[in-house]
>>> print(open('protein-v2.cif').read())   # mmCIF, C-alpha atoms and all ligand atoms
data_start
loop_
_atom_site.group_PDB
_atom_site.id
_atom_site.type_symbol
_atom_site.label_atom_id
_atom_site.label_comp_id
_atom_site.auth_asym_id
_atom_site.auth_seq_id
_atom_site.Cartn_x
_atom_site.Cartn_y
_atom_site.Cartn_z
ATOM 1 C CA MET A 18 -19.391 8.400 -7.756
ATOM 2 C CA ARG A 19 -15.703 9.201 -7.636
ATOM 3 C CA LEU A 20 -14.370 5.609 -7.442
ATOM 4 C CA ALA A 21 -16.977 3.828 -9.576
ATOM 5 C CA GLY A 22 -15.772 0.401 -10.710
ATOM 6 C CA LYS A 23 -12.423 0.682 -8.897
ATOM 7 C CA THR A 24 -10.947 -2.013 -6.669
ATOM 8 C CA ALA A 25 -9.145 -1.239 -3.416
ATOM 9 C CA VAL A 26 -7.006 -3.033 -0.831
ATOM 10 C CA ILE A 27 -6.739 -1.441 2.623
ATOM 11 C CA THR A 28 -4.291 -2.698 5.269
ATOM 12 C CA GLY A 29 -5.222 -1.962 8.860
ATOM 13 C CA GLY A 30 -8.694 -2.022 7.329
ATOM 14 C CA ALA A 31 -10.484 -2.899 10.571
ATOM 15 C CA GLY A 32 -8.949 0.064 12.411
ATOM 16 C CA ASN A 33 -10.271 3.579 12.839
ATOM 17 C CA ILE A 34 -8.875 5.218 9.727
ATOM 18 C CA GLY A 35 -8.957 2.041 7.596
ATOM 19 C CA LEU A 36 -12.604 1.188 8.292
ATOM 20 C CA THR A 37 -13.872 4.743 7.868
ATOM 21 C CA THR A 38 -11.994 4.972 4.568
ATOM 22 C CA ALA A 39 -13.416 1.610 3.461
ATOM 23 C CA GLN A 40 -16.927 2.930 4.132
ATOM 24 C CA ARG A 41 -16.178 6.001 2.018
ATOM 25 C CA PHE A 42 -14.644 3.927 -0.812
ATOM 26 C CA LEU A 43 -17.772 1.718 -0.917
ATOM 27 C CA ALA A 44 -20.041 4.776 -0.958
ATOM 28 C CA GLU A 45 -18.012 6.104 -3.896
ATOM 29 C CA GLY A 46 -18.582 2.910 -5.882
ATOM 30 C CA ALA A 47 -15.421 0.876 -5.182
ATOM 31 C CA ARG A 48 -15.041 -2.768 -4.186
ATOM 32 C CA VAL A 49 -12.755 -3.225 -1.161
ATOM 33 C CA LEU A 50 -10.611 -5.905 0.454
ATOM 34 C CA LEU A 51 -9.705 -5.200 4.079
ATOM 35 C CA ILE A 52 -6.544 -6.685 5.573
ATOM 36 C CA ASP A 53 -6.194 -6.866 9.339
ATOM 37 C CA ARG A 54 -5.332 -9.239 12.145
ATOM 38 C CA GLY A 55 -7.731 -11.368 14.193
ATOM 39 C CA GLU A 56 -10.874 -13.250 13.139
ATOM 40 C CA GLN A 57 -13.163 -11.272 15.460
ATOM 41 C CA ARG A 58 -11.819 -7.910 14.395
ATOM 42 C CA ILE A 59 -12.232 -8.875 10.748
ATOM 43 C CA ALA A 60 -15.782 -10.164 11.293
ATOM 44 C CA ALA A 61 -16.802 -6.992 13.130
ATOM 45 C CA ALA A 62 -15.373 -4.825 10.352
ATOM 46 C CA LEU A 63 -17.136 -6.804 7.628
ATOM 47 C CA GLY A 64 -20.354 -6.615 9.645
ATOM 48 C CA ALA A 65 -20.018 -2.835 9.844
ATOM 49 C CA LEU A 66 -19.499 -2.569 6.083
ATOM 50 C CA GLY A 67 -21.989 -5.147 4.794
ATOM 51 C CA GLY A 68 -22.824 -5.761 1.156
ATOM 52 C CA ALA A 69 -21.287 -7.854 -1.600
ATOM 53 C CA ASN A 70 -18.572 -5.335 -2.439
ATOM 54 C CA ALA A 71 -16.730 -5.688 0.892
ATOM 55 C CA HIS A 72 -14.240 -8.493 1.553
ATOM 56 C CA ALA A 73 -11.736 -9.089 4.339
ATOM 57 C CA LEU A 74 -8.765 -11.308 5.101
ATOM 58 C CA ASP A 75 -6.900 -12.065 8.311
ATOM 59 C CA ALA A 76 -3.210 -11.446 7.541
ATOM 60 C CA ASP A 77 -0.147 -10.080 9.319
ATOM 61 C CA VAL A 78 1.517 -7.329 7.264
ATOM 62 C CA THR A 79 4.932 -8.137 8.786
ATOM 63 C CA ASP A 80 4.891 -11.696 7.428
ATOM 64 C CA ALA A 81 6.016 -12.094 3.795
ATOM 65 C CA GLY A 82 3.900 -15.247 3.347
ATOM 66 C CA ASP A 83 0.800 -13.468 4.644
ATOM 67 C CA VAL A 84 1.452 -10.478 2.382
ATOM 68 C CA ALA A 85 1.775 -12.763 -0.652
ATOM 69 C CA ARG A 86 -1.482 -14.406 0.448
ATOM 70 C CA TYR A 87 -3.428 -11.130 0.688
ATOM 71 C CA VAL A 88 -2.114 -10.002 -2.682
ATOM 72 C CA ALA A 89 -3.166 -13.352 -4.203
ATOM 73 C CA GLU A 90 -6.636 -12.914 -2.669
ATOM 74 C CA ALA A 91 -6.899 -9.422 -4.171
ATOM 75 C CA GLN A 92 -5.964 -10.860 -7.551
ATOM 76 C CA ARG A 93 -8.505 -13.670 -7.195
ATOM 77 C CA LEU A 94 -11.295 -11.258 -6.234
ATOM 78 C CA PHE A 95 -10.526 -8.330 -8.497
ATOM 79 C CA GLY A 96 -8.044 -9.357 -11.187
ATOM 80 C CA ALA A 97 -6.158 -6.079 -10.840
ATOM 81 C CA VAL A 98 -6.069 -3.469 -8.084
ATOM 82 C CA ASP A 99 -6.661 0.269 -8.647
ATOM 83 C CA ILE A 100 -6.108 1.579 -5.109
ATOM 84 C CA PHE A 101 -3.710 0.332 -2.438
ATOM 85 C CA PHE A 102 -4.101 2.034 0.951
ATOM 86 C CA ASN A 103 -0.958 0.808 2.753
ATOM 87 C CA ASN A 104 -2.118 1.933 6.168
ATOM 88 C CA ALA A 105 -1.595 -0.603 8.987
ATOM 89 C CA GLY A 106 0.481 0.815 11.813
ATOM 90 C CA ILE A 107 1.075 0.747 15.549
ATOM 91 C CA ALA A 108 2.141 3.476 17.980
ATOM 92 C CA GLY A 109 4.883 1.666 19.917
ATOM 93 C CA ALA A 110 6.283 2.793 23.253
ATOM 94 C CA VAL A 111 6.367 6.297 24.694
ATOM 95 C CA ALA A 112 9.769 6.569 26.428
ATOM 96 C CA PRO A 113 12.899 8.718 26.050
ATOM 97 C CA LEU A 114 15.614 7.326 23.762
ATOM 98 C CA VAL A 115 17.811 6.236 26.652
ATOM 99 C CA ASP A 116 14.971 4.150 28.108
ATOM 100 C CA HIS A 117 13.298 3.167 24.831
ATOM 101 C CA PRO A 118 12.662 -0.609 24.973
ATOM 102 C CA ASP A 119 14.465 -2.500 22.197
ATOM 103 C CA ALA A 120 11.531 -4.864 21.682
ATOM 104 C CA ALA A 121 9.083 -1.961 21.251
ATOM 105 C CA PHE A 122 11.415 -0.352 18.709
ATOM 106 C CA ASP A 123 11.660 -3.617 16.770
ATOM 107 C CA SER A 124 7.919 -4.228 16.722
ATOM 108 C CA VAL A 125 7.034 -0.714 15.568
ATOM 109 C CA MET A 126 9.626 -0.963 12.789
ATOM 110 C CA ALA A 127 8.249 -4.385 11.802
ATOM 111 C CA VAL A 128 4.664 -3.197 11.315
ATOM 112 C CA ASN A 129 5.223 0.383 10.154
ATOM 113 C CA VAL A 130 8.268 -0.143 7.908
ATOM 114 C CA ARG A 131 8.593 -3.836 6.983
ATOM 115 C CA GLY A 132 4.792 -4.051 6.597
ATOM 116 C CA VAL A 133 4.725 -1.067 4.231
ATOM 117 C CA PHE A 134 7.787 -2.360 2.338
ATOM 118 C CA LEU A 135 6.342 -5.855 1.864
ATOM 119 C CA GLY A 136 3.005 -4.384 0.800
ATOM 120 C CA LEU A 137 4.656 -2.276 -1.898
ATOM 121 C CA LYS A 138 6.925 -5.111 -3.020
ATOM 122 C CA HIS A 139 4.132 -7.642 -3.490
ATOM 123 C CA MET A 140 1.318 -5.318 -4.553
ATOM 124 C CA LEU A 141 3.060 -3.250 -7.239
ATOM 125 C CA PRO A 142 3.097 -6.114 -9.771
ATOM 126 C CA VAL A 143 -0.685 -6.631 -9.510
ATOM 127 C CA LEU A 144 -1.648 -2.954 -9.586
ATOM 128 C CA ARG A 145 -3.377 -1.771 -12.725
ATOM 129 C CA ASP A 146 -1.453 0.800 -14.772
ATOM 130 C CA GLY A 147 -2.580 4.225 -13.520
ATOM 131 C CA ALA A 148 -3.310 2.915 -9.998
ATOM 132 C CA SER A 149 -2.922 4.990 -6.837
ATOM 133 C CA VAL A 150 -0.973 3.958 -3.733
ATOM 134 C CA ILE A 151 -1.416 5.844 -0.483
ATOM 135 C CA CYS A 152 0.919 5.035 2.430
ATOM 136 C CA THR A 153 0.019 6.257 5.908
ATOM 137 C CA SER A 154 2.873 8.106 7.570
ATOM 138 C CA SER A 155 2.187 10.792 10.214
ATOM 139 C CA VAL A 156 3.248 14.301 11.206
ATOM 140 C CA ALA A 157 5.801 12.213 13.115
ATOM 141 C CA GLY A 158 7.198 11.254 9.688
ATOM 142 C CA LEU A 159 8.271 14.845 9.045
ATOM 143 C CA ARG A 160 9.639 16.032 12.395
ATOM 144 C CA GLY A 161 10.784 14.780 15.789
ATOM 145 C CA SER A 162 8.654 14.161 18.838
ATOM 146 C CA ALA A 163 10.082 13.500 22.313
ATOM 147 C CA GLY A 164 9.554 9.978 23.621
ATOM 148 C CA MET A 165 8.594 8.484 20.291
ATOM 149 C CA ALA A 166 11.880 7.290 18.780
ATOM 150 C CA GLY A 167 10.458 4.112 17.271
ATOM 151 C CA TYR A 168 7.314 5.675 15.838
ATOM 152 C CA VAL A 169 9.105 8.770 14.498
ATOM 153 C CA ALA A 170 11.861 6.688 12.864
ATOM 154 C CA SER A 171 9.315 4.320 11.339
ATOM 155 C CA LYS A 172 7.132 7.077 9.912
ATOM 156 C CA HIS A 173 10.162 8.858 8.377
ATOM 157 C CA ALA A 174 11.075 5.537 6.752
ATOM 158 C CA VAL A 175 7.611 5.329 5.159
ATOM 159 C CA VAL A 176 8.439 8.555 3.288
ATOM 160 C CA GLY A 177 11.636 6.979 1.932
ATOM 161 C CA LEU A 178 9.776 3.907 0.722
ATOM 162 C CA MET A 179 7.100 6.082 -0.898
ATOM 163 C CA ARG A 180 9.735 8.147 -2.727
ATOM 164 C CA VAL A 181 11.424 5.055 -4.157
ATOM 165 C CA ALA A 182 8.104 3.490 -5.176
ATOM 166 C CA ALA A 183 6.914 6.738 -6.801
ATOM 167 C CA ILE A 184 10.003 6.775 -9.031
ATOM 168 C CA GLU A 185 9.944 3.069 -9.871
ATOM 169 C CA ALA A 186 6.189 2.937 -10.586
ATOM 170 C CA ALA A 187 5.959 6.165 -12.607
ATOM 171 C CA PRO A 188 6.600 4.504 -16.002
ATOM 172 C CA ARG A 189 3.304 2.637 -15.458
ATOM 173 C CA LYS A 190 1.592 5.905 -14.424
ATOM 174 C CA ILE A 191 1.117 4.470 -10.937
ATOM 175 C CA ARG A 192 1.086 7.237 -8.339
ATOM 176 C CA VAL A 193 2.476 6.811 -4.817
ATOM 177 C CA ASN A 194 1.994 9.355 -2.022
ATOM 178 C CA THR A 195 2.097 9.536 1.765
ATOM 179 C CA ILE A 196 -0.467 11.082 4.077
ATOM 180 C CA HIS A 197 0.671 12.714 7.307
ATOM 181 C CA PRO A 198 -2.156 12.956 9.822
ATOM 182 C CA GLY A 199 -1.803 14.871 13.032
ATOM 183 C CA PRO A 200 -3.635 13.435 16.039
ATOM 184 C CA VAL A 201 -6.822 11.687 14.902
ATOM 185 C CA GLU A 202 -9.711 11.071 17.286
ATOM 186 C CA GLY A 203 -9.658 7.386 18.305
ATOM 187 C CA ASP A 204 -7.941 4.534 20.166
ATOM 188 C CA MET A 205 -4.381 5.209 19.010
ATOM 189 C CA MET A 206 -4.439 8.717 20.512
ATOM 190 C CA ARG A 207 -5.961 7.398 23.763
ATOM 191 C CA GLU A 208 -3.006 4.955 23.960
ATOM 192 C CA LEU A 209 -0.458 7.725 23.306
ATOM 193 C CA GLU A 210 -2.104 10.162 25.754
ATOM 194 C CA ALA A 211 -1.954 7.458 28.437
ATOM 195 C CA GLY A 212 1.734 6.863 27.614
ATOM 196 C CA MET A 213 2.533 10.594 27.828
ATOM 197 C CA ALA A 214 0.642 11.295 31.064
ATOM 198 C CA PRO A 215 -0.281 8.008 32.784
ATOM 199 C CA THR A 216 -1.920 9.754 35.755
ATOM 200 C CA ASP A 217 -3.824 12.367 33.715
ATOM 201 C CA PRO A 218 -4.289 11.425 30.043
ATOM 202 C CA LYS A 219 -6.981 14.122 29.617
ATOM 203 C CA ALA A 220 -4.343 16.770 30.378
ATOM 204 C CA ALA A 221 -2.129 15.318 27.628
ATOM 205 C CA GLN A 222 -5.094 15.427 25.221
ATOM 206 C CA ALA A 223 -5.798 19.090 26.056
ATOM 207 C CA ALA A 224 -2.119 20.034 25.669
ATOM 208 C CA ILE A 225 -1.912 18.347 22.242
ATOM 209 C CA ALA A 226 -5.197 19.867 21.013
ATOM 210 C CA GLN A 227 -3.901 23.304 22.012
ATOM 211 C CA ARG A 228 -0.985 22.885 19.562
ATOM 212 C CA MET A 229 -3.421 22.247 16.707
ATOM 213 C CA ARG A 230 -4.135 25.649 15.198
ATOM 214 C CA LEU A 231 -7.628 24.693 14.079
ATOM 215 C CA GLY A 232 -8.392 23.815 17.696
ATOM 216 C CA ARG A 233 -9.184 20.090 17.673
ATOM 217 C CA TYR A 234 -8.062 16.609 16.686
ATOM 218 C CA VAL A 235 -8.658 15.545 13.086
ATOM 219 C CA GLU A 236 -11.717 13.308 12.535
ATOM 220 C CA ARG A 237 -11.424 9.965 10.723
ATOM 221 C CA ARG A 238 -13.871 11.081 8.048
ATOM 222 C CA GLU A 239 -11.518 14.004 7.290
ATOM 223 C CA ILE A 240 -8.678 11.528 6.705
ATOM 224 C CA ALA A 241 -11.042 9.531 4.479
ATOM 225 C CA ASP A 242 -11.724 12.726 2.470
ATOM 226 C CA LEU A 243 -8.007 13.137 1.733
ATOM 227 C CA VAL A 244 -7.438 9.450 0.957
ATOM 228 C CA THR A 245 -10.434 9.424 -1.393
ATOM 229 C CA PHE A 246 -9.040 12.446 -3.223
ATOM 230 C CA LEU A 247 -5.650 10.714 -3.603
ATOM 231 C CA ALA A 248 -7.355 7.475 -4.686
ATOM 232 C CA SER A 249 -9.474 9.207 -7.299
ATOM 233 C CA ASP A 250 -8.572 10.529 -10.723
ATOM 234 C CA GLU A 251 -8.894 14.091 -9.349
ATOM 235 C CA SER A 252 -5.299 13.734 -8.109
ATOM 236 C CA ARG A 253 -4.021 12.264 -11.385
ATOM 237 C CA MET A 254 -0.903 14.516 -11.500
ATOM 238 C CA ILE A 255 0.070 14.104 -7.830
ATOM 239 C CA THR A 256 2.820 11.599 -7.041
ATOM 240 C CA GLY A 257 5.877 11.357 -4.802
ATOM 241 C CA THR A 258 4.449 13.873 -2.374
ATOM 242 C CA THR A 259 3.766 14.205 1.345
ATOM 243 C CA MET A 260 0.220 15.361 2.147
ATOM 244 C CA VAL A 261 -0.098 16.829 5.639
ATOM 245 C CA ILE A 262 -3.491 16.815 7.405
ATOM 246 C CA ASP A 263 -2.800 18.042 10.927
ATOM 247 C CA ALA A 264 -5.015 21.076 11.639
ATOM 248 C CA GLY A 265 -1.911 23.242 11.334
ATOM 249 C CA MET A 266 0.055 21.472 14.068
ATOM 250 C CA ALA A 267 3.353 21.160 12.197
ATOM 251 C CA GLY A 268 3.220 24.464 10.300
HETATM 252 N N1 LIG A 301 -4.669 7.862 15.042
HETATM 253 C C1 LIG A 301 -3.801 8.854 14.862
HETATM 254 O O1 LIG A 301 -3.820 9.859 15.568
HETATM 255 C C2 LIG A 301 -2.791 8.754 13.749
HETATM 256 C C3 LIG A 301 -2.025 9.874 13.426
HETATM 257 C C4 LIG A 301 -1.077 9.774 12.406
HETATM 258 C C5 LIG A 301 -0.924 8.593 11.737
HETATM 259 N N2 LIG A 301 -1.678 7.520 12.070
HETATM 260 C C6 LIG A 301 -1.469 6.269 11.340
HETATM 261 O O2 LIG A 301 -2.690 5.883 10.736
HETATM 262 C C7 LIG A 301 -2.671 4.468 10.517
HETATM 263 C C8 LIG A 301 -3.985 3.877 11.002
HETATM 264 O O3 LIG A 301 -4.096 4.123 12.395
HETATM 265 P P1 LIG A 301 -5.491 4.209 13.180
HETATM 266 O O4 LIG A 301 -5.537 5.509 13.862
HETATM 267 O O5 LIG A 301 -6.605 3.805 12.300
HETATM 268 O O6 LIG A 301 -5.194 3.113 14.304
HETATM 269 P P2 LIG A 301 -5.907 1.737 14.614
HETATM 270 O O7 LIG A 301 -5.118 1.100 15.704
HETATM 271 O O8 LIG A 301 -7.359 1.956 14.828
HETATM 272 O O9 LIG A 301 -5.733 0.936 13.247
HETATM 273 C C9 LIG A 301 -4.560 0.258 12.878
HETATM 274 C C10 LIG A 301 -4.966 -1.109 12.376
HETATM 275 O O10 LIG A 301 -3.783 -1.793 11.936
HETATM 276 C C11 LIG A 301 -3.932 -3.147 12.326
HETATM 277 N N3 LIG A 301 -2.622 -3.798 12.427
HETATM 278 C C12 LIG A 301 -1.651 -3.544 13.350
HETATM 279 N N4 LIG A 301 -0.635 -4.371 13.160
HETATM 280 C C13 LIG A 301 -0.963 -5.183 12.105
HETATM 281 C C14 LIG A 301 -0.310 -6.253 11.451
HETATM 282 N N5 LIG A 301 0.894 -6.670 11.839
HETATM 283 N N6 LIG A 301 -0.936 -6.836 10.397
HETATM 284 C C15 LIG A 301 -2.169 -6.423 10.012
HETATM 285 N N7 LIG A 301 -2.830 -5.401 10.591
HETATM 286 C C16 LIG A 301 -2.225 -4.808 11.643
HETATM 287 C C17 LIG A 301 -4.629 -3.098 13.673
HETATM 288 O O11 LIG A 301 -5.229 -4.339 14.019
HETATM 289 C C18 LIG A 301 -5.612 -1.966 13.466
HETATM 290 O O12 LIG A 301 -6.880 -2.441 13.030
HETATM 291 C C19 LIG A 301 -1.436 3.941 11.243
HETATM 292 O O13 LIG A 301 -0.400 3.731 10.310
HETATM 293 C C20 LIG A 301 -1.067 5.078 12.181
HETATM 294 O O14 LIG A 301 0.289 5.098 12.526
HETATM 295 C C21 LIG A 301 -2.621 7.560 13.054
#
>>> encode(input="protein-v2.cif", output="C-alpha cells")
Amino acid sequence: MRLAGKTAVITGGAGNIGLTTAQRFLAEGARVLLIDRGEQRIAAALGALGGANAHALDADVTDAGDVARYVAEAQRLFGAVDIFFNNAGIAGAVAPLVDHPDAAFDSVMAVNVRGVFLGLKHMLPVLRDGASVICTSSVAGLRGSAGMAGYVASKHAVVGLMRVAAIEAAPRKIRVNTIHPGPVEGDMMRELEAGMAPTDPKAAQAAIAQRMRLGRYVERREIADLVTFLASDESRMITGTTMVIDAGMAG
C-alpha cells in the first residue's frame, strides 16, 4: 500500500474529486479526515467511506475559526498530518467581465483563494516534516477562459499561494504542488455547461469534449491517481510545480 500509516486531511472531501480521492487514500492504507459543509453531506460521505479510518467535520474553509477548528481536530485524531489535499472550490458565475456579478466574484475568491490560504496558514504548523500538500487549481489557473473571470482569477491565485508555500516549507522537506484538472465528469461541469448554454447544455458539453485531445472529460478516479502519486513518497523530489491533467486540452 502506497500510503500505509499516513494521515490525510481533504477539504471539499464530500465532493466528487474529494470523496473519490478519500476512497483511494483509504484503500492505500491512509487514515482520512474529510472537511466539507453541511451535516447531511458529511454524513452521506462518511457513509460512503465507512470504516474506522474515515472521519469528517462540518467546517467552512472561508472562516478562520472553522479552519482552526478542523486543524485542531486533525491534530486530536492524528497527532501530525502527512497529506493535506487543499481542494474545496466552487465554480462561480459564468458571465462576461462587464456583466460579472460582484457578489459572485467575491464568493469564488473567498472559497478558492481565502480558503486555500487559510488552510495553508493553519495546517503548515501541524504537518509532519516531509509531508505533501496538494492544492487544487484548474486548467483555468494557467490560462484565460471567456466568461469565467472569478474562477480564472481564483485558480491563478492558488498557483501563487502554492509557490510561496513550497519555498517556505522546503526547509522541513514539506512538498507543495498544484493540480490542474481539465473538465472532470460530475456536478461542477453540469453547472458550468448550463451557465455556458442555458438552453442546450449538452451542446456545451460536446463542444468542450471536442477540445480535449484524448476525446473525453477526465474521470474522478484519474484525478485520484494523480493526487495519490503526489501524496506518496514516489513524488519525493517534486515540489513547487503545476501538474496538468486535462486530456491535452491546454497543450
Ligand atoms: N469538476 C471539474 O471539472 C474541475 C476541474 C478543474 C478543477 N476543479 C476543482 O476541483 C475541486 C473539487 O471540485 P469537484 O469537481 O469535486 O466539485 P464538487 O462541487 O463536487 O466538490 C467541491 C466540494 O467543496 C465543498 N465546499 C464548497 N465550498 C466550501 C466551503 N466554503 N467550505 C467547505 N467546503 C466547501 C462543496 O460542498 C463540495 O463538496 C475544486 O477546487 C474545483 O474548482 C474541478
>>> atom_distance(input="protein-v2.cif", atom1="atom CA of A:Val128", atom2="atom CA of A:Ser249")
26.5 Å
>>> atom_distance(input="protein-v2.cif", atom1="atom CA of A:Ala174", atom2="atom CA of A:Val130")
6.4 Å
>>> resolve_selection(input="protein-v2.cif", expression="the PyMOL selection byres (((not hetatm)) within 7 of (chain A and resi 301))", output="count of residues only")
36
>>> atom_distance(input="protein-v2.cif", atom1="atom CA of A:Lys138", atom2="atom CA of A:Val176")
15.1 Å
>>> closest_residue(input="protein-v2.cif", among="A:Ile255, A:Ile59, A:Ala91, A:Ala110", to="A:Ala211", atoms="all atoms listed in the file")
A:Ala110
